file model-v1.txt (compact mmCIF, N, CA and C atoms)
# COMPACT_ATOMS: atom_id res chain seq x y z
N MET E 1 -6.75 21.72 -15.88
CA MET E 1 -5.62 21.25 -15.10
C MET E 1 -5.16 19.90 -15.63
N SER E 2 -3.88 19.73 -15.72
CA SER E 2 -3.32 18.45 -16.14
C SER E 2 -3.39 17.46 -14.98
N ASN E 3 -3.47 16.19 -15.35
CA ASN E 3 -3.49 15.17 -14.29
C ASN E 3 -2.05 14.79 -13.91
N TYR E 4 -1.95 13.99 -12.88
CA TYR E 4 -0.65 13.58 -12.35
C TYR E 4 0.21 12.92 -13.43
N MET E 5 -0.35 11.95 -14.14
CA MET E 5 0.44 11.23 -15.15
C MET E 5 0.95 12.17 -16.23
N GLU E 6 0.12 13.07 -16.71
CA GLU E 6 0.56 14.01 -17.75
C GLU E 6 1.74 14.85 -17.25
N LEU E 7 1.64 15.32 -16.01
CA LEU E 7 2.70 16.16 -15.46
C LEU E 7 3.98 15.38 -15.21
N VAL E 8 3.86 14.15 -14.72
CA VAL E 8 5.05 13.31 -14.51
C VAL E 8 5.72 13.01 -15.84
N LEU E 9 4.93 12.61 -16.82
CA LEU E 9 5.49 12.23 -18.12
C LEU E 9 6.12 13.41 -18.85
N SER E 10 5.63 14.61 -18.57
CA SER E 10 6.22 15.80 -19.21
C SER E 10 7.40 16.35 -18.42
N GLY E 11 7.69 15.74 -17.27
CA GLY E 11 8.82 16.16 -16.46
C GLY E 11 8.56 17.39 -15.60
N LYS E 12 7.30 17.78 -15.46
CA LYS E 12 6.98 18.99 -14.70
C LYS E 12 6.89 18.73 -13.20
N ILE E 13 6.67 17.48 -12.81
CA ILE E 13 6.66 17.13 -11.39
C ILE E 13 7.41 15.82 -11.19
N MET E 14 7.74 15.56 -9.95
CA MET E 14 8.42 14.31 -9.59
C MET E 14 7.38 13.25 -9.26
N THR E 15 7.77 12.00 -9.40
CA THR E 15 6.83 10.90 -9.15
C THR E 15 6.32 10.89 -7.71
N ASP E 16 7.14 11.34 -6.77
CA ASP E 16 6.73 11.29 -5.36
C ASP E 16 5.68 12.34 -4.98
N GLU E 17 5.25 13.14 -5.94
CA GLU E 17 4.22 14.14 -5.68
C GLU E 17 2.81 13.57 -5.81
N ILE E 18 2.69 12.28 -5.99
CA ILE E 18 1.38 11.66 -6.15
C ILE E 18 0.48 11.89 -4.94
N ASP E 19 1.08 11.89 -3.74
CA ASP E 19 0.28 12.11 -2.53
C ASP E 19 -0.39 13.48 -2.53
N ASP E 20 0.30 14.48 -3.10
CA ASP E 20 -0.30 15.82 -3.21
C ASP E 20 -1.55 15.79 -4.09
N PHE E 21 -1.48 15.02 -5.18
CA PHE E 21 -2.64 14.90 -6.07
C PHE E 21 -3.78 14.16 -5.40
N ILE E 22 -3.45 13.14 -4.65
CA ILE E 22 -4.50 12.40 -3.93
C ILE E 22 -5.16 13.32 -2.91
N ASP E 23 -4.36 14.11 -2.21
CA ASP E 23 -4.91 15.08 -1.25
C ASP E 23 -5.81 16.10 -1.95
N GLN E 24 -5.38 16.59 -3.11
CA GLN E 24 -6.20 17.55 -3.87
C GLN E 24 -7.55 16.95 -4.23
N TRP E 25 -7.54 15.68 -4.63
CA TRP E 25 -8.80 15.02 -5.01
C TRP E 25 -9.72 14.91 -3.80
N HIS E 26 -9.16 14.51 -2.65
CA HIS E 26 -9.97 14.38 -1.44
C HIS E 26 -10.52 15.73 -0.97
N GLU E 27 -9.73 16.78 -1.13
CA GLU E 27 -10.13 18.11 -0.66
C GLU E 27 -10.98 18.85 -1.68
N GLY E 28 -10.97 18.43 -2.93
CA GLY E 28 -11.68 19.13 -4.00
C GLY E 28 -13.06 18.60 -4.23
N ASP E 29 -13.62 19.06 -5.34
CA ASP E 29 -14.99 18.66 -5.68
C ASP E 29 -15.05 18.02 -7.07
N SER E 30 -13.97 17.36 -7.44
CA SER E 30 -13.92 16.72 -8.75
C SER E 30 -14.96 15.61 -8.83
N GLU E 31 -15.61 15.54 -9.96
CA GLU E 31 -16.57 14.46 -10.20
C GLU E 31 -15.89 13.23 -10.79
N ASP E 32 -14.60 13.37 -11.13
CA ASP E 32 -13.84 12.24 -11.65
C ASP E 32 -13.53 11.25 -10.54
N THR E 33 -13.37 10.00 -10.92
CA THR E 33 -12.86 9.02 -9.97
C THR E 33 -11.40 9.39 -9.67
N LEU E 34 -10.87 8.87 -8.59
CA LEU E 34 -9.47 9.17 -8.26
C LEU E 34 -8.54 8.63 -9.34
N SER E 35 -8.85 7.47 -9.88
CA SER E 35 -7.99 6.92 -10.94
C SER E 35 -7.95 7.86 -12.14
N LYS E 36 -9.09 8.38 -12.54
CA LYS E 36 -9.12 9.30 -13.68
C LYS E 36 -8.43 10.62 -13.34
N PHE E 37 -8.63 11.10 -12.13
CA PHE E 37 -7.99 12.33 -11.66
C PHE E 37 -6.47 12.22 -11.73
N LEU E 38 -5.97 11.01 -11.43
CA LEU E 38 -4.53 10.79 -11.49
C LEU E 38 -4.04 10.50 -12.90
N GLY E 39 -4.95 10.15 -13.80
CA GLY E 39 -4.57 9.81 -15.17
C GLY E 39 -4.23 8.35 -15.33
N MET E 40 -4.79 7.51 -14.46
CA MET E 40 -4.54 6.06 -14.52
C MET E 40 -5.80 5.35 -14.98
N THR E 41 -5.60 4.19 -15.59
CA THR E 41 -6.74 3.32 -15.87
C THR E 41 -7.18 2.71 -14.54
N ASP E 42 -8.35 2.11 -14.52
CA ASP E 42 -8.81 1.44 -13.30
C ASP E 42 -7.83 0.35 -12.87
N THR E 43 -7.33 -0.41 -13.84
CA THR E 43 -6.37 -1.47 -13.54
C THR E 43 -5.09 -0.90 -12.95
N GLU E 44 -4.55 0.13 -13.56
CA GLU E 44 -3.33 0.75 -13.05
C GLU E 44 -3.54 1.25 -11.62
N TYR E 45 -4.69 1.85 -11.37
CA TYR E 45 -4.96 2.37 -10.03
C TYR E 45 -5.08 1.23 -9.01
N LYS E 46 -5.77 0.16 -9.37
CA LYS E 46 -5.90 -0.98 -8.45
C LYS E 46 -4.53 -1.56 -8.12
N VAL E 47 -3.68 -1.65 -9.12
CA VAL E 47 -2.33 -2.17 -8.89
C VAL E 47 -1.56 -1.23 -7.98
N PHE E 48 -1.66 0.08 -8.23
CA PHE E 48 -0.97 1.07 -7.40
C PHE E 48 -1.42 1.00 -5.95
N VAL E 49 -2.72 0.89 -5.73
CA VAL E 49 -3.25 0.83 -4.37
C VAL E 49 -2.75 -0.43 -3.66
N ALA E 50 -2.78 -1.55 -4.36
CA ALA E 50 -2.35 -2.81 -3.77
C ALA E 50 -0.84 -2.86 -3.56
N GLU E 51 -0.10 -2.23 -4.46
CA GLU E 51 1.36 -2.28 -4.41
C GLU E 51 1.92 -0.92 -4.83
N PRO E 52 2.00 0.04 -3.89
CA PRO E 52 2.48 1.38 -4.25
C PRO E 52 3.85 1.39 -4.92
N GLY E 53 4.66 0.39 -4.65
CA GLY E 53 5.97 0.30 -5.29
C GLY E 53 5.91 0.05 -6.79
N SER E 54 4.73 -0.24 -7.30
CA SER E 54 4.56 -0.49 -8.73
C SER E 54 4.41 0.81 -9.54
N LEU E 55 4.40 1.95 -8.87
CA LEU E 55 4.18 3.21 -9.56
C LEU E 55 5.17 3.44 -10.70
N GLY E 56 6.43 3.12 -10.48
CA GLY E 56 7.43 3.30 -11.54
C GLY E 56 7.11 2.47 -12.77
N MET E 57 6.65 1.26 -12.56
CA MET E 57 6.29 0.39 -13.68
C MET E 57 5.06 0.93 -14.41
N ILE E 58 4.12 1.46 -13.66
CA ILE E 58 2.92 2.05 -14.27
C ILE E 58 3.31 3.26 -15.11
N ILE E 59 4.17 4.10 -14.58
CA ILE E 59 4.62 5.28 -15.32
C ILE E 59 5.40 4.86 -16.57
N ALA E 60 6.25 3.87 -16.45
CA ALA E 60 7.02 3.39 -17.61
C ALA E 60 6.09 2.86 -18.70
N ALA E 61 5.07 2.12 -18.31
CA ALA E 61 4.11 1.60 -19.30
C ALA E 61 3.40 2.76 -19.99
N LYS E 62 3.01 3.76 -19.21
CA LYS E 62 2.36 4.95 -19.81
C LYS E 62 3.30 5.65 -20.78
N ALA E 63 4.54 5.83 -20.36
CA ALA E 63 5.51 6.53 -21.20
C ALA E 63 5.73 5.81 -22.52
N GLN E 64 5.69 4.50 -22.47
CA GLN E 64 5.89 3.70 -23.68
C GLN E 64 4.58 3.41 -24.40
N GLN E 65 3.48 3.92 -23.85
CA GLN E 65 2.14 3.71 -24.41
C GLN E 65 1.87 2.23 -24.62
N ARG E 66 2.14 1.47 -23.55
CA ARG E 66 1.95 0.01 -23.58
C ARG E 66 1.01 -0.39 -22.46
N PRO E 67 0.29 -1.48 -22.66
CA PRO E 67 -0.52 -1.99 -21.56
C PRO E 67 0.38 -2.38 -20.39
N LEU E 68 -0.14 -2.23 -19.20
CA LEU E 68 0.63 -2.57 -18.01
C LEU E 68 1.08 -4.02 -18.00
N THR E 69 0.25 -4.89 -18.54
CA THR E 69 0.60 -6.32 -18.59
C THR E 69 1.91 -6.53 -19.34
N GLU E 70 2.09 -5.83 -20.45
CA GLU E 70 3.32 -5.98 -21.23
C GLU E 70 4.53 -5.51 -20.43
N ALA E 71 4.40 -4.39 -19.75
CA ALA E 71 5.50 -3.87 -18.94
C ALA E 71 5.85 -4.85 -17.83
N VAL E 72 4.84 -5.42 -17.21
CA VAL E 72 5.08 -6.40 -16.15
C VAL E 72 5.75 -7.63 -16.73
N ASN E 73 5.29 -8.08 -17.88
CA ASN E 73 5.90 -9.26 -18.52
C ASN E 73 7.38 -9.03 -18.80
N ASP E 74 7.71 -7.85 -19.32
CA ASP E 74 9.11 -7.53 -19.61
C ASP E 74 9.93 -7.47 -18.33
N ASN E 75 9.39 -6.80 -17.33
CA ASN E 75 10.10 -6.68 -16.07
C ASN E 75 10.22 -8.03 -15.38
N TYR E 76 9.19 -8.84 -15.53
CA TYR E 76 9.22 -10.16 -14.91
C TYR E 76 10.32 -11.01 -15.53
N ALA E 77 10.47 -10.92 -16.84
CA ALA E 77 11.51 -11.70 -17.51
C ALA E 77 12.89 -11.29 -17.00
N ASP E 78 13.13 -9.98 -16.91
CA ASP E 78 14.41 -9.49 -16.39
C ASP E 78 14.56 -9.83 -14.92
N PHE E 79 13.50 -9.63 -14.18
CA PHE E 79 13.50 -9.87 -12.74
C PHE E 79 13.79 -11.34 -12.45
N ASP E 80 13.18 -12.20 -13.23
CA ASP E 80 13.32 -13.64 -13.00
C ASP E 80 14.79 -14.08 -13.13
N LYS E 81 15.53 -13.43 -14.01
CA LYS E 81 16.93 -13.79 -14.22
C LYS E 81 17.79 -13.49 -12.99
N ILE E 82 17.47 -12.40 -12.29
CA ILE E 82 18.34 -11.98 -11.19
C ILE E 82 17.76 -12.26 -9.80
N ALA E 83 16.48 -12.62 -9.74
CA ALA E 83 15.84 -12.76 -8.44
C ALA E 83 15.51 -14.19 -8.06
N ALA E 84 16.06 -15.13 -8.74
CA ALA E 84 15.74 -16.53 -8.44
C ALA E 84 16.04 -16.87 -6.99
N ARG E 85 17.04 -16.22 -6.43
CA ARG E 85 17.41 -16.49 -5.03
C ARG E 85 16.65 -15.59 -4.06
N SER E 86 15.92 -14.63 -4.57
CA SER E 86 15.24 -13.65 -3.72
C SER E 86 13.95 -14.20 -3.13
N LYS E 87 13.64 -13.78 -1.92
CA LYS E 87 12.38 -14.17 -1.32
C LYS E 87 11.20 -13.44 -1.97
N ASN E 88 11.48 -12.42 -2.80
CA ASN E 88 10.43 -11.64 -3.45
C ASN E 88 10.09 -12.13 -4.85
N SER E 89 10.75 -13.15 -5.34
CA SER E 89 10.51 -13.59 -6.71
C SER E 89 9.07 -14.03 -6.93
N GLY E 90 8.44 -14.62 -5.93
CA GLY E 90 7.05 -15.02 -6.05
C GLY E 90 6.11 -13.84 -6.10
N ASP E 91 6.50 -12.72 -5.49
CA ASP E 91 5.66 -11.52 -5.49
C ASP E 91 5.45 -11.00 -6.90
N MET E 92 6.52 -10.96 -7.69
CA MET E 92 6.42 -10.46 -9.06
C MET E 92 5.53 -11.38 -9.88
N LYS E 93 5.66 -12.67 -9.68
CA LYS E 93 4.84 -13.63 -10.41
C LYS E 93 3.36 -13.43 -10.07
N ARG E 94 3.06 -13.25 -8.78
CA ARG E 94 1.67 -13.02 -8.38
C ARG E 94 1.14 -11.71 -8.94
N LEU E 95 1.98 -10.66 -8.95
CA LEU E 95 1.58 -9.38 -9.50
C LEU E 95 1.25 -9.52 -10.98
N LYS E 96 2.09 -10.23 -11.71
CA LYS E 96 1.87 -10.45 -13.14
C LYS E 96 0.54 -11.17 -13.37
N GLU E 97 0.29 -12.21 -12.60
CA GLU E 97 -0.96 -12.97 -12.75
C GLU E 97 -2.17 -12.12 -12.40
N TRP E 98 -2.07 -11.34 -11.34
CA TRP E 98 -3.18 -10.50 -10.90
C TRP E 98 -3.51 -9.43 -11.94
N ILE E 99 -2.50 -8.77 -12.49
CA ILE E 99 -2.74 -7.73 -13.49
C ILE E 99 -3.38 -8.35 -14.73
N THR E 100 -2.92 -9.51 -15.13
CA THR E 100 -3.52 -10.19 -16.28
C THR E 100 -5.01 -10.46 -16.03
N GLU E 101 -5.32 -10.89 -14.83
CA GLU E 101 -6.75 -11.13 -14.48
C GLU E 101 -7.54 -9.82 -14.50
N LEU E 102 -6.99 -8.75 -13.95
CA LEU E 102 -7.69 -7.46 -13.93
C LEU E 102 -7.96 -6.95 -15.35
N GLU E 103 -6.97 -7.05 -16.20
CA GLU E 103 -7.12 -6.53 -17.56
C GLU E 103 -8.06 -7.37 -18.40
N SER E 104 -8.22 -8.64 -18.07
CA SER E 104 -9.12 -9.47 -18.86
C SER E 104 -10.55 -9.43 -18.33
N ALA E 105 -10.76 -8.84 -17.18
CA ALA E 105 -12.11 -8.77 -16.60
C ALA E 105 -12.97 -7.72 -17.26
call {"tool": "encode", "arguments": {"input": "model-v1.txt", "output": "structure tokens"}}
result
Amino acid sequence: MSNYMELVLSGKIMTDEIDDFIDQWHEGDSEDTLSKFLGMTDTEYKVFVAEPGSLGMIIAAKAQQRPLTEAVNDNYADFDKIAARSKNSGDMKRLKEWITELESA
């Protein structure tokens, strides 16, 4: 069986079907961790759990075969240009710093 990331990247399922995969893992007898079952690295999974809205960024990094930190850095640069007035601008900065810490651990 293909994992969630493989199916999303091949266009066979929609990104919002992740909950179905999580349910399958809980109901099944897989010996894989949930992160592996979904096709995510441990870092990607931790970021997803902490911030489910980051799923699109995680998928984009996978599609481009880039580390998540690079994708966040690119998005942060673009985000910073348009979100200076936003109350969420600090959130992206904290996310970037946290992912960098996770990947270096």
call {"tool": "atom_distance", "arguments": {"input": "model-v1.txt", "atom1": "atom C of Tyr4 in chain E", "atom2": "atom C of Leu38 in chain E"}}
result
4.9 Å
call {"tool": "closest_residue", "arguments": {"input": "model-v1.txt", "among": "E:Ser54, E:Asn3, E:Gln64, E:Phe48", "to": "Phe21 in chain E", "atoms": "only N, CA and C atoms"}}
result
E:Asn3
call {"tool": "closest_residue", "arguments": {"input": "model-v1.txt", "among": "E:Asp23, E:Glu17, E:Glu103, E:Asp32", "to": "Thr69 in chain E", "atoms": "only N, CA and C atoms"}}
result
E:Glu103
call {"tool": "atom_distance", "arguments": {"input": "model-v1.txt", "atom1": "CA of Ile58 in chain E", "atom2": "CA of Ala71 in chain E"}}
result
8.0 Å
call {"tool": "atom_distance", "arguments": {"input": "model-v1.txt", "atom1": "atom N of Val72 in chain E", "atom2": "CA of His26 in chain E"}}
result
29.3 Å
call {"tool": "closest_residue", "arguments": {"input": "model-v1.txt", "among": "E:Leu34, E:Val8, E:Ile13, E:Leu95", "to": "Gly56 in chain E", "atoms": "only C-alpha atoms"}}
result
E:Val8
call {"tool": "closest_residue", "arguments": {"input": "model-v1.txt", "among": "E:Met5, E:Met14, E:Val47, E:Met40", "to": "Ile99 in chain E", "atoms": "only C-alpha atoms"}}
result
E:Val47
call {"tool": "select_by_dssp", "arguments": {"input": "model-v1.txt", "residues": "range 11-74 of chain E", "states": "helix (DSSP H, G or I)", "output": "ChimeraX atom specification"}}
result
/E:15-27,34-38,42-50,52-63,68-74
call {"tool": "residues_around", "arguments": {"input": "model-v1.txt", "residues": "Val49 in chain E", "least_positions_apart": "3", "cutoff": "12 Å", "atoms": "only C-alpha atoms", "output": "list in words"}}
result
Ile18, Asp19, Ile22, Leu34, Ser35, Met40, Asp42, Thr43, Glu44, Tyr45, Lys46, Pro52, Gly53, Ser54, Leu55 and Ile58 of chain E
call {"tool": "closest_residue", "arguments": {"input": "model-v1.txt", "among": "E:Asp29, E:Lys36, E:Leu9, E:Asp20", "to": "Ala63 in chain E", "atoms": "only C-alpha atoms"}}
result
E:Leu9
